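Enquirer: I have a structure I would like to understand better, so I am pasting it below and will then ask my questions one at a time.
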Amino acid sequence: MTVRLIPYLVMNGNAREAIQFYESALGATVVFQQKFTDMPQHPDYSLPEEAKERIAHASLKVGDSELMFSDTFPGQPHHSGNQVTICISSDSKEQSQKLYEALREGGQVHMPLQETHFSPAYAIVTDKFGVTFQINTEGKQ
């Protein structure tokens, strides 16, 4: 079993600019980058024009560490203080389930643990101390 903690920076429409900045300032390398328009679209909801070029998810390598990014979806609130979350990355759905159950106790679930197009088990939870975690299970299981 492998578990990693990864800082996840949520930007307000300027993730692309931040990524370019960290490439220059930190010598980061873009490992993955996907715009909202590149994601599978929900048939009942059209993608607003202002969302299409925003970053849905990006991953940068900085030395031996990793930084993840996304932009908020248009209309989502963005406040200073909530733009950094911690992504807990696990290689086991069972481990992700345990982490999810522990962190949600006394906290708030923003997205229940579920399969997504990018993860076999993914969730977003703010724990009882106000720290927001994204729980991501790597690979296909």
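Every chain in the structure tokens has a letter given in the order shown (A, B, ...), and although residue numbers restart at 1 in each chain, ligands are simply numbered from 1 in the order shown.
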Considering only C-alpha atoms, return as a ChimeraX atom specification whatever protein or nucleic-acid residues lie within 12 Å of Glu53 of chain A, sequence-local ones (same chain, fewer than 6 positions apart) excluded.
Expert: /A:13-16,33-39,47,70-74
Enquirer: For a test of reading the model, state the distance in Å between atom CA of Gly106 of chain A and atom CA of Asn82 of chain A, rounded to one decimal.
Expert: 18.8 Å
Enquirer: Atom CA of Thr2 of chain A and atom CA of Ser119 of chain A are how many Å apart?
Expert: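 Distance reported for this atom pair: 15.3 Å.
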Enquirer: Write out as a compact mmCIF listing (two decimals) with N, CA and C atoms, in the first residue's frame all residues of chain A that DSSP puts in alpha helix (DSSP H) for this structure's backbone.
Expert:
```
# COMPACT_ATOMS: atom_id res chain seq x y z
N ALA A 15 -5.12 29.36 -13.32
CA ALA A 15 -4.24 28.20 -13.09
C ALA A 15 -3.15 28.12 -14.16
N ARG A 16 -3.49 28.39 -15.42
CA ARG A 16 -2.50 28.32 -16.49
C ARG A 16 -1.35 29.29 -16.21
N GLU A 17 -1.68 30.50 -15.77
CA GLU A 17 -0.67 31.50 -15.43
C GLU A 17 0.17 31.01 -14.24
N ALA A 18 -0.49 30.44 -13.22
CA ALA A 18 0.24 29.93 -12.05
C ALA A 18 1.18 28.80 -12.44
N ILE A 19 0.71 27.91 -13.30
CA ILE A 19 1.54 26.80 -13.76
C ILE A 19 2.79 27.32 -14.44
N GLN A 20 2.62 28.29 -15.33
CA GLN A 20 3.78 28.87 -16.03
C GLN A 20 4.73 29.54 -15.04
N PHE A 21 4.15 30.20 -14.04
CA PHE A 21 4.98 30.83 -13.01
C PHE A 21 5.81 29.79 -12.26
N TYR A 22 5.18 28.69 -11.83
CA TYR A 22 5.90 27.67 -11.06
C TYR A 22 6.88 26.89 -11.93
N GLU A 23 6.60 26.78 -13.21
CA GLU A 23 7.59 26.18 -14.11
C GLU A 23 8.88 27.00 -14.07
N SER A 24 8.71 28.33 -14.14
CA SER A 24 9.87 29.22 -14.14
C SER A 24 10.49 29.36 -12.76
N ALA A 25 9.66 29.64 -11.76
CA ALA A 25 10.17 29.93 -10.41
C ALA A 25 10.72 28.70 -9.71
N LEU A 26 10.09 27.54 -9.90
CA LEU A 26 10.48 26.33 -9.16
C LEU A 26 11.14 25.27 -10.03
N LYS A 93 -8.35 1.02 -3.31
CA LYS A 93 -9.71 1.49 -3.03
C LYS A 93 -10.06 1.28 -1.56
N GLU A 94 -9.60 0.18 -0.98
CA GLU A 94 -9.89 -0.10 0.41
C GLU A 94 -9.24 0.94 1.33
N GLN A 95 -8.00 1.32 1.03
CA GLN A 95 -7.31 2.35 1.81
C GLN A 95 -8.03 3.68 1.65
N SER A 96 -8.45 4.01 0.44
CA SER A 96 -9.18 5.25 0.19
C SER A 96 -10.48 5.27 0.99
N GLN A 97 -11.16 4.13 1.06
CA GLN A 97 -12.41 4.03 1.82
C GLN A 97 -12.15 4.31 3.31
N LYS A 98 -11.08 3.73 3.85
CA LYS A 98 -10.74 3.94 5.26
C LYS A 98 -10.42 5.41 5.53
N LEU A 99 -9.65 6.02 4.65
CA LEU A 99 -9.31 7.43 4.80
C LEU A 99 -10.57 8.29 4.73
N TYR A 100 -11.43 7.99 3.79
CA TYR A 100 -12.69 8.73 3.61
C TYR A 100 -13.55 8.65 4.87
N GLU A 101 -13.73 7.45 5.39
CA GLU A 101 -14.56 7.25 6.59
C GLU A 101 -13.98 8.01 7.78
N ALA A 102 -12.67 7.97 7.94
CA ALA A 102 -12.04 8.63 9.08
C ALA A 102 -12.14 10.15 8.96
N LEU A 103 -11.88 10.69 7.77
CA LEU A 103 -11.87 12.15 7.61
C LEU A 103 -13.26 12.76 7.63
N ARG A 104 -14.27 12.02 7.21
CA ARG A 104 -15.61 12.60 7.16
C ARG A 104 -16.28 12.64 8.54
```
Enquirer: Show which residues sit within 10 Å of His79 of chain A, as a PyMOL selection string. Count only C-alpha atoms, and ignore same-chain residues fewer than 2 positions away.
Expert: chain A and resi 10-12+76-77+81-83
Enquirer: Can you tell me, as a PyMOL selection string, what residues are no more than 9 Å from Thr29 of chain A when counting only C-alpha atoms, ignoring any on the same chain fewer than 4 positions away?
Expert: chain A and resi 22-23+59-63
Enquirer: Which residues of segment 16-114 of chain A come within 8 Å of segment 123-133 of chain A, and what is each one's closest atom pair and distance in Å (one decimal), counting only C-alpha atoms, sorted by chain and residue number, as a Markdown table?
Expert:
```
| residue | atom | partner | partner_atom | distance |
| --- | --- | --- | --- | --- |
| A:Thr85 | CA | A:Thr132 | CA | 5.2 |
| A:Ile86 | CA | A:Phe133 | CA | 4.8 |
| A:Cys87 | CA | A:Phe133 | CA | 5.6 |
| A:Ile88 | CA | A:Phe133 | CA | 6.8 |
| A:Tyr100 | CA | A:Ala123 | CA | 7.3 |
| A:Leu103 | CA | A:Asp127 | CA | 5.3 |
| A:Arg104 | CA | A:Asp127 | CA | 5.8 |
| A:Glu105 | CA | A:Lys128 | CA | 7.3 |
| A:Gly106 | CA | A:Lys128 | CA | 5.1 |
| A:Gly107 | CA | A:Asp127 | CA | 4.2 |
| A:Gln108 | CA | A:Thr126 | CA | 5.1 |
| A:Val109 | CA | A:Val125 | CA | 4.5 |
| A:His110 | CA | A:Ile124 | CA | 5.3 |
| A:Met111 | CA | A:Ile124 | CA | 4.9 |
| A:Pro112 | CA | A:Ala123 | CA | 5.2 |
| A:Leu113 | CA | A:Ala123 | CA | 4.3 |
| A:Gln114 | CA | A:Ala123 | CA | 6.6 |
```
Enquirer: What does the structure give for the distance between atom CA of Ser90 of chain A and atom CA of Gln134 of chain A, in Å to one decimal?
Expert: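 According to the coordinates, atom CA of Ser90 of chain A and atom CA of Gln134 of chain A are separated by 10.9 Å.
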Enquirer: Which residue out of A:Glu66, A:Glu138, A:Glu115, A:Glu49 has the minimum interatomic distance to Met1 of chain A when only C-alpha atoms are used?
Expert: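 Among the listed residues, the smallest separation from Met1 of chain A belongs to A:Glu138.
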Enquirer: Nearest to Asn136 of chain A among A:Ser46, A:Gln41, A:Ser92, A:Ser80, with distances taken over only C-alpha atoms: which residue is it?
Expert: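 Nearest to Asn136 of chain A: A:Ser92.
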